[in-house]
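upload.tsv (TSV, C-alpha atoms)
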```tsv
chain	number	residue	atom	x	y	z
A	54	MET	CA	-0.14	8.58	-26.70
A	55	ALA	CA	0.76	5.44	-24.74
A	56	SER	CA	-0.14	2.16	-26.42
A	57	HIS	CA	-2.01	-0.55	-24.51
A	58	ASN	CA	-2.22	-4.35	-24.61
A	59	ASN	CA	-4.64	-7.12	-23.67
A	60	SER	CA	-4.20	-6.50	-19.94
A	61	GLY	CA	-5.44	-2.93	-20.40
A	62	LEU	CA	-2.09	-1.60	-19.15
A	63	PRO	CA	0.06	0.81	-21.14
A	64	ALA	CA	2.78	-1.08	-23.02
A	65	VAL	CA	5.54	0.68	-21.06
A	66	ALA	CA	4.03	-0.59	-17.80
A	67	GLN	CA	3.60	-4.11	-19.16
A	68	GLU	CA	7.27	-4.13	-20.22
A	69	GLY	CA	8.67	-2.17	-17.30
A	70	PHE	CA	7.12	-4.45	-14.68
A	71	LYS	CA	7.67	-7.79	-16.42
A	72	ASP	CA	10.36	-8.70	-13.88
A	73	ALA	CA	7.87	-9.18	-11.07
A	74	ALA	CA	10.40	-11.06	-8.91
A	75	SER	CA	12.79	-8.07	-8.85
A	76	TYR	CA	9.91	-5.70	-8.13
A	77	ASP	CA	8.88	-7.87	-5.19
A	78	ALA	CA	12.45	-8.19	-3.91
A	79	TYR	CA	13.59	-4.57	-4.16
A	80	ARG	CA	10.51	-2.40	-3.67
A	81	PRO	CA	10.15	-1.32	-0.04
A	82	SER	CA	7.45	-2.33	2.40
A	83	TYR	CA	5.54	0.25	4.45
A	84	PRO	CA	6.40	1.71	7.89
A	85	PRO	CA	4.16	0.21	10.61
A	86	GLU	CA	3.31	3.70	11.92
A	87	ALA	CA	2.04	4.80	8.49
A	88	VAL	CA	0.07	1.58	7.97
A	89	GLU	CA	-1.65	1.93	11.34
A	90	LYS	CA	-2.63	5.57	10.76
A	91	PHE	CA	-3.80	4.76	7.24
A	92	LEU	CA	-6.03	1.87	8.31
A	93	LYS	CA	-7.49	3.91	11.18
A	94	ASN	CA	-8.52	6.60	8.71
A	95	LEU	CA	-10.04	3.89	6.53
A	96	LYS	CA	-12.06	2.81	9.60
A	97	VAL	CA	-10.90	-0.82	9.37
A	98	ALA	CA	-8.21	-0.89	12.07
A	99	ASP	CA	-9.60	-3.07	14.88
A	100	GLN	CA	-12.61	-3.94	12.70
A	101	TYR	CA	-12.53	-7.73	12.66
A	102	ASP	CA	-13.49	-9.55	9.46
A	103	ALA	CA	-13.73	-6.29	7.50
A	104	LYS	CA	-13.91	-6.72	3.72
A	105	ILE	CA	-11.25	-4.94	1.71
A	106	VAL	CA	-10.95	-4.42	-2.04
A	107	GLU	CA	-7.37	-3.74	-3.11
A	108	ILE	CA	-6.85	-2.21	-6.55
A	109	ALA	CA	-3.70	-3.01	-8.54
A	110	SER	CA	-2.25	-5.20	-5.79
A	111	GLY	CA	0.93	-5.84	-7.76
A	112	THR	CA	3.05	-8.57	-6.19
A	113	GLY	CA	1.33	-8.00	-2.85
A	114	LYS	CA	3.69	-5.69	-0.97
A	115	PHE	CA	0.75	-4.10	0.87
A	116	THR	CA	-1.51	-7.18	0.61
A	117	GLU	CA	0.95	-9.09	2.79
A	118	LEU	CA	0.63	-6.50	5.55
A	119	LEU	CA	-3.17	-6.68	5.39
A	120	ALA	CA	-3.12	-10.48	5.50
A	121	GLN	CA	-0.88	-10.45	8.60
A	122	ARG	CA	-3.21	-8.19	10.57
A	123	PRO	CA	-5.04	-9.57	13.65
A	124	GLU	CA	-8.39	-8.35	12.24
A	125	THR	CA	-8.41	-11.33	9.79
A	126	PHE	CA	-9.54	-9.19	6.86
A	127	THR	CA	-11.23	-10.72	3.84
A	128	ILE	CA	-9.37	-9.25	0.86
A	129	LYS	CA	-10.12	-9.21	-2.84
A	130	ALA	CA	-6.82	-8.35	-4.54
A	131	ILE	CA	-7.32	-7.06	-8.08
A	132	GLU	CA	-4.31	-6.97	-10.44
A	133	PRO	CA	-4.24	-6.65	-14.26
A	134	HIS	CA	-0.54	-7.44	-14.83
A	135	PRO	CA	-0.23	-11.22	-15.43
A	136	GLY	CA	3.31	-11.57	-14.03
A	137	MET	CA	2.59	-9.59	-10.89
A	138	ARG	CA	-0.73	-11.35	-10.37
A	139	GLU	CA	0.99	-14.73	-10.61
A	140	LYS	CA	3.66	-13.69	-8.10
A	141	LEU	CA	0.96	-12.57	-5.67
A	142	ALA	CA	-1.07	-15.76	-6.10
A	143	GLN	CA	2.04	-17.86	-5.38
A	144	LYS	CA	2.23	-16.33	-1.90
A	145	ASP	CA	-1.11	-17.96	-1.01
A	146	LEU	CA	-1.88	-15.33	1.60
A	147	PRO	CA	-4.61	-16.10	4.16
A	148	GLY	CA	-7.94	-14.43	3.50
A	149	VAL	CA	-6.82	-13.17	0.09
A	150	GLU	CA	-8.59	-13.89	-3.20
A	151	VAL	CA	-6.47	-12.82	-6.20
A	152	ALA	CA	-8.37	-11.82	-9.34
A	153	ASP	CA	-7.72	-10.35	-12.78
A	154	GLY	CA	-9.28	-6.94	-13.20
A	155	LYS	CA	-8.72	-3.21	-13.15
A	156	ALA	CA	-10.16	-0.23	-11.33
A	157	GLU	CA	-12.75	0.40	-14.05
A	158	LYS	CA	-14.02	-3.21	-14.01
A	159	MET	CA	-13.68	-5.40	-10.94
A	160	PRO	CA	-15.09	-8.89	-10.33
A	161	VAL	CA	-16.63	-7.76	-7.03
A	162	GLU	CA	-20.28	-7.71	-5.94
A	163	ASP	CA	-22.21	-4.46	-5.42
A	164	GLU	CA	-21.60	-2.79	-2.02
A	165	TRP	CA	-19.31	-5.64	-0.92
A	166	GLY	CA	-16.38	-3.75	0.58
A	167	ASP	CA	-15.82	-1.89	3.83
A	168	ALA	CA	-12.76	-0.20	2.31
A	169	CYS	CA	-10.94	0.09	-0.99
A	170	ILE	CA	-7.17	0.48	-1.04
A	171	ALA	CA	-4.87	1.61	-3.84
A	172	ALA	CA	-1.33	0.94	-2.63
A	173	GLN	CA	1.73	2.16	-4.54
A	174	LEU	CA	-0.27	2.60	-7.72
A	175	ILE	CA	2.49	3.09	-10.25
A	176	LEU	CA	0.24	4.62	-12.86
A	177	CYS	CA	-2.15	6.81	-10.90
A	178	LEU	CA	-4.53	6.90	-13.85
A	179	ARG	CA	-5.55	3.36	-12.92
A	180	PHE	CA	-7.89	4.68	-10.23
A	181	ALA	CA	-8.04	8.42	-10.91
A	182	THR	CA	-10.66	8.44	-13.66
A	183	PRO	CA	-14.42	9.06	-13.47
A	184	GLU	CA	-15.00	5.50	-14.69
A	185	ALA	CA	-12.83	4.05	-11.94
A	186	LEU	CA	-14.48	6.16	-9.21
A	187	LYS	CA	-17.89	5.00	-10.39
A	188	GLU	CA	-16.77	1.36	-10.20
A	189	ILE	CA	-15.13	1.84	-6.80
A	190	GLN	CA	-18.32	3.43	-5.50
A	191	ARG	CA	-20.27	0.41	-6.81
A	192	VAL	CA	-18.18	-2.16	-4.92
A	193	LEU	CA	-18.17	-0.23	-1.62
A	194	ARG	CA	-21.00	-0.07	0.88
A	195	PRO	CA	-22.31	3.43	1.73
A	196	GLY	CA	-19.99	5.10	4.21
A	197	ALA	CA	-17.03	2.87	3.32
A	198	VAL	CA	-13.67	4.54	2.67
A	199	LEU	CA	-11.36	4.73	-0.34
A	200	GLY	CA	-7.68	5.27	0.41
A	201	GLY	CA	-4.36	5.39	-1.41
A	202	ILE	CA	-0.87	4.93	0.00
A	203	TRP	CA	2.53	5.42	-1.63
A	204	ASN	CA	6.16	5.02	-0.66
A	205	VAL	CA	7.89	8.02	-2.25
A	206	GLU	CA	11.68	8.09	-2.25
A	207	ASP	CA	13.24	11.55	-2.56
A	208	TYR	CA	14.59	10.57	-5.97
A	209	ASN	CA	11.04	9.88	-7.20
A	210	LYS	CA	9.21	12.75	-5.51
A	211	PRO	CA	6.97	15.45	-7.05
A	212	GLN	CA	9.00	18.33	-8.44
A	213	SER	CA	7.53	20.77	-5.92
A	214	TRP	CA	8.78	18.73	-2.94
A	215	LYS	CA	12.22	19.55	-1.53
A	216	ALA	CA	14.77	16.72	-1.63
A	217	THR	CA	16.77	16.06	1.52
A	218	THR	CA	20.07	15.90	-0.39
A	219	LYS	CA	21.63	17.20	-3.59
A	220	TRP	CA	22.41	13.69	-4.86
A	221	GLU	CA	18.78	12.58	-4.51
A	222	GLN	CA	17.65	15.75	-6.28
A	223	LYS	CA	20.05	14.97	-9.14
A	224	LEU	CA	18.43	11.55	-9.59
A	225	ASN	CA	14.99	13.13	-9.31
A	226	ASP	CA	15.81	15.62	-12.07
A	227	PHE	CA	16.82	12.79	-14.41
A	228	ILE	CA	13.76	10.68	-13.59
A	229	MET	CA	11.46	13.66	-14.11
A	230	SER	CA	13.00	14.09	-17.57
A	231	LEU	CA	11.81	10.62	-18.60
A	232	ASP	CA	8.32	11.75	-19.58
A	233	ASP	CA	6.38	8.99	-21.33
A	234	GLY	CA	3.04	10.76	-21.01
A	235	LEU	CA	1.75	8.47	-18.26
A	236	PRO	CA	0.60	9.94	-14.93
A	237	ARG	CA	2.43	8.88	-11.79
A	238	PHE	CA	2.26	10.00	-8.18
A	239	ARG	CA	5.04	12.53	-8.70
A	240	HIS	CA	2.92	14.34	-11.32
A	241	GLN	CA	0.21	14.95	-8.65
A	242	LYS	CA	-2.60	14.67	-11.22
A	243	TRP	CA	-4.42	11.93	-9.32
A	244	LYS	CA	-6.28	14.51	-7.20
A	245	GLU	CA	-7.91	16.13	-10.21
A	246	VAL	CA	-10.57	13.45	-10.63
A	247	PHE	CA	-11.86	14.18	-7.11
A	248	ASP	CA	-11.89	17.94	-7.65
A	249	GLN	CA	-13.79	17.42	-10.91
A	250	GLN	CA	-16.73	16.08	-8.88
A	251	LEU	CA	-17.61	19.67	-7.91
A	252	PRO	CA	-19.86	21.48	-10.42
A	253	ALA	CA	-18.60	24.80	-11.76
A	254	SER	CA	-22.06	26.43	-11.63
A	255	PRO	CA	-25.68	25.79	-10.54
A	256	LEU	CA	-26.55	24.93	-14.13
A	257	GLN	CA	-23.74	22.39	-14.26
A	258	ALA	CA	-24.98	20.94	-10.96
A	259	LEU	CA	-28.43	20.41	-12.54
A	260	ARG	CA	-26.89	18.80	-15.59
A	261	ASP	CA	-24.75	16.52	-13.41
A	262	THR	CA	-27.83	15.44	-11.44
A	263	LEU	CA	-29.72	14.54	-14.59
A	264	ALA	CA	-26.70	12.71	-16.05
A	265	ASP	CA	-25.90	10.71	-12.87
A	266	ARG	CA	-22.66	12.61	-12.30
A	267	LEU	CA	-23.21	13.46	-8.66
A	268	PRO	CA	-20.17	13.42	-6.34
A	269	ARG	CA	-19.20	9.88	-5.39
A	270	PHE	CA	-16.64	10.63	-2.64
A	271	THR	CA	-16.27	13.31	0.03
A	272	LEU	CA	-14.06	16.38	-0.18
A	273	PRO	CA	-11.68	17.66	0.94
A	274	LEU	CA	-9.49	14.57	0.88
A	275	GLY	CA	-7.81	13.58	4.11
A	276	GLU	CA	-4.03	13.41	3.72
A	277	ASP	CA	-1.08	12.53	5.95
A	278	SER	CA	2.49	11.28	5.63
A	279	THR	CA	5.32	9.61	7.54
A	280	LYS	CA	9.01	10.25	6.83
A	281	TRP	CA	11.52	7.38	6.80
A	282	THR	CA	15.09	6.49	5.86
A	283	VAL	CA	16.76	3.24	4.79
A	284	TRP	CA	20.38	2.14	4.30
A	285	LEU	CA	21.01	0.53	0.89
A	286	SER	CA	24.14	-0.81	-0.75
A	287	GLU	CA	24.99	0.67	-4.13
A	288	GLU	CA	23.79	-2.56	-5.76
A	289	ALA	CA	20.51	-2.57	-3.83
A	290	LEU	CA	19.90	1.10	-4.64
A	291	ALA	CA	20.51	0.46	-8.35
A	292	ALA	CA	18.19	-2.54	-8.24
A	293	ARG	CA	15.45	-0.56	-6.51
A	294	LEU	CA	15.76	2.26	-9.03
A	295	ASN	CA	15.48	-0.28	-11.83
A	296	THR	CA	12.02	-1.26	-10.59
A	297	LEU	CA	10.82	2.12	-11.88
A	298	SER	CA	9.29	1.32	-15.26
A	299	GLN	CA	10.89	4.28	-17.04
A	300	ILE	CA	14.35	3.18	-15.83
A	301	ALA	CA	13.73	-0.51	-16.53
A	302	VAL	CA	12.98	0.09	-20.22
A	303	LEU	CA	16.07	2.23	-20.93
A	304	GLU	CA	18.43	0.75	-23.52
A	305	GLY	CA	21.63	1.64	-25.36
A	306	ASP	CA	22.81	5.24	-25.04
A	307	LYS	CA	19.89	6.15	-22.78
A	308	ARG	CA	20.82	3.44	-20.27
A	309	GLU	CA	24.47	4.51	-20.40
A	310	ALA	CA	23.42	8.09	-19.68
A	311	TRP	CA	21.36	6.90	-16.71
A	312	LEU	CA	24.19	4.81	-15.28
A	313	LYS	CA	26.53	7.81	-15.57
A	314	VAL	CA	24.08	10.06	-13.70
A	315	LEU	CA	23.63	7.43	-10.99
A	316	SER	CA	27.37	6.87	-10.60
A	317	GLU	CA	28.08	10.60	-10.30
A	318	ALA	CA	25.18	11.20	-7.91
A	319	ILE	CA	26.16	8.55	-5.35
A	320	ARG	CA	29.67	9.98	-5.24
A	321	GLY	CA	28.41	13.43	-4.32
A	322	ASP	CA	29.77	15.26	-1.29
A	323	ASP	CA	26.48	14.99	0.63
A	324	VAL	CA	26.02	11.21	0.30
A	325	GLU	CA	25.87	9.71	3.81
A	326	ARG	CA	27.33	6.22	4.20
A	327	ASN	CA	27.57	3.85	7.15
A	328	GLU	CA	30.45	1.56	8.13
A	329	LYS	CA	29.29	-0.98	5.54
A	330	GLY	CA	29.44	1.59	2.78
A	331	GLU	CA	25.65	1.62	2.48
A	332	ILE	CA	23.91	4.82	1.40
A	333	LEU	CA	21.22	6.59	3.43
A	334	VAL	CA	18.12	7.00	1.27
A	335	HIS	CA	15.31	9.36	2.31
A	336	GLY	CA	11.61	9.02	1.62
A	337	VAL	CA	8.07	9.50	2.81
A	338	THR	CA	4.97	7.33	2.94
A	339	HIS	CA	2.07	9.50	1.79
A	340	PHE	CA	-1.58	8.50	2.06
A	341	PHE	CA	-5.08	9.88	1.52
A	342	TRP	CA	-8.62	8.83	2.34
A	343	THR	CA	-12.17	9.82	1.34
A	344	ASP	CA	-15.62	8.46	2.28
A	345	ARG	CA	-17.93	6.89	-0.25
A	346	LEU	CA	-21.17	8.84	-0.61
```

Output the file's structure as structure tokens, nothing else.
Amino acid sequence: MASHNNSGLPAVAQEGFKDAASYDAYRPSYPPEAVEKFLKNLKVADQYDAKIVEIASGTGKFTELLAQRPETFTIKAIEPHPGMREKLAQKDLPGVEVADGKAEKMPVEDEWGDACIAAQLILCLRFATPEALKEIQRVLRPGAVLGGIWNVEDYNKPQSWKATTKWEQKLNDFIMSLDDGLPRFRHQKWKEVFDQQLPASPLQALRDTLADRLPRFTLPLGEDSTKWTVWLSEEALAARLNTLSQIAVLEGDKREAWLKVLSEAIRGDDVERNEKGEILVHGVTHFFWTDRL
């Protein structure tokens, strides 16, 4: 079982993301096409002065995009990791209030938000629990929308997804082997909390009604995705991979094994390079949305 600390985060996440500056420098931003489609499905694109709650804002990779929008959103950015929260606060983004908190307990008034966003949630468990859904429902007005968006490189994809290249699949196999018991997007368990809203029988439906366990968000979930590619130098690719918490915490023989796998993978016969020697990396931006009941 993963141990936790005062921030409420698992210890591996606290340690793995302690280098907030590297995370901010090497994690990718989001394709404009994906952002636009995502915000339209959240019903806040072209909605001026809309109020947005952002869960686990991290260093603000997605927060920055929201703050730059012409709609002049009012944003409450909630982040439990002290280092990441500090990095986000230093950016002093317009319309953004940065606060300590987590999905299960947010310093936000009842029915305040027009939308709630979970962007690049590293540990999907941070919003995909009954307690978190109850709290998200509390801070959203009726009819508001909850949405999640992730950048998913081929090397960090779910096992059931097909990688574009053999070298990215090789990295994916190694990363999938680093099982620390914590749920991430690639494990695809985040959807289960929504499916669990549906009662298994009429008797269970009655029990749920009496126990205040009625569905909080609509089903089926809306889902969409946008494919993308990026050219990265070997150094930039290694740095981006090291922002994955399970890679960041590797030491000794385990880190040597990882570096060997990486070195062999990027010298594979299907690695595409440009005139600068940069490597073509494949990925997808995946997002979902659901209305608050």

Discussion item. Please list, as a PyMOL selection string, the residues that have an atom at most 10 Å away from (-5.3, 12.8, -7.1) in the coordinates of this file, counting all atoms listed in the file.
Written reply: chain A and resi 177-178+180-182+201+237-238+240-248+274+341

Fill in: Atomic separation - atom CA of Asn295 of chain A relative to atom CA of Ile108 of chain A, Å
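Distance reported for this atom pair: 23.0 Å.
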
Worksheet item: Could you list as number ranges by chain every residue that has an atom within 12 Å of (-18.6, 15.2, 4.1), using the file's coordinates and counting only C-alpha atoms?
Response: A: 196, 198, 268-275, 342-346

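Between atom CA of Ile131 of chain A and atom CA of Lys155 of chain A lies a distance of 6.5 Å.
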
Discussion item. Let me make sure I understand: among A:Ala292, A:Leu95, A:Ala301, A:Met159, which one has the smallest atom-to-atom distance to Ala78 of chain A if we use only C-alpha atoms?
Written reply: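 Comparing A:Ala292, A:Leu95, A:Ala301, A:Met159 against Ala78 of chain A, the winner is A:Ala292.
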
Fill in: Selected residue, from A:Lys93, A:Arg194, A:Lys210, A:Lys187, that lies nearest to Asp167 of chain A when counting all atoms listed in the file
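Closest to Asp167 of chain A, using all atoms listed in the file: A:Arg194.
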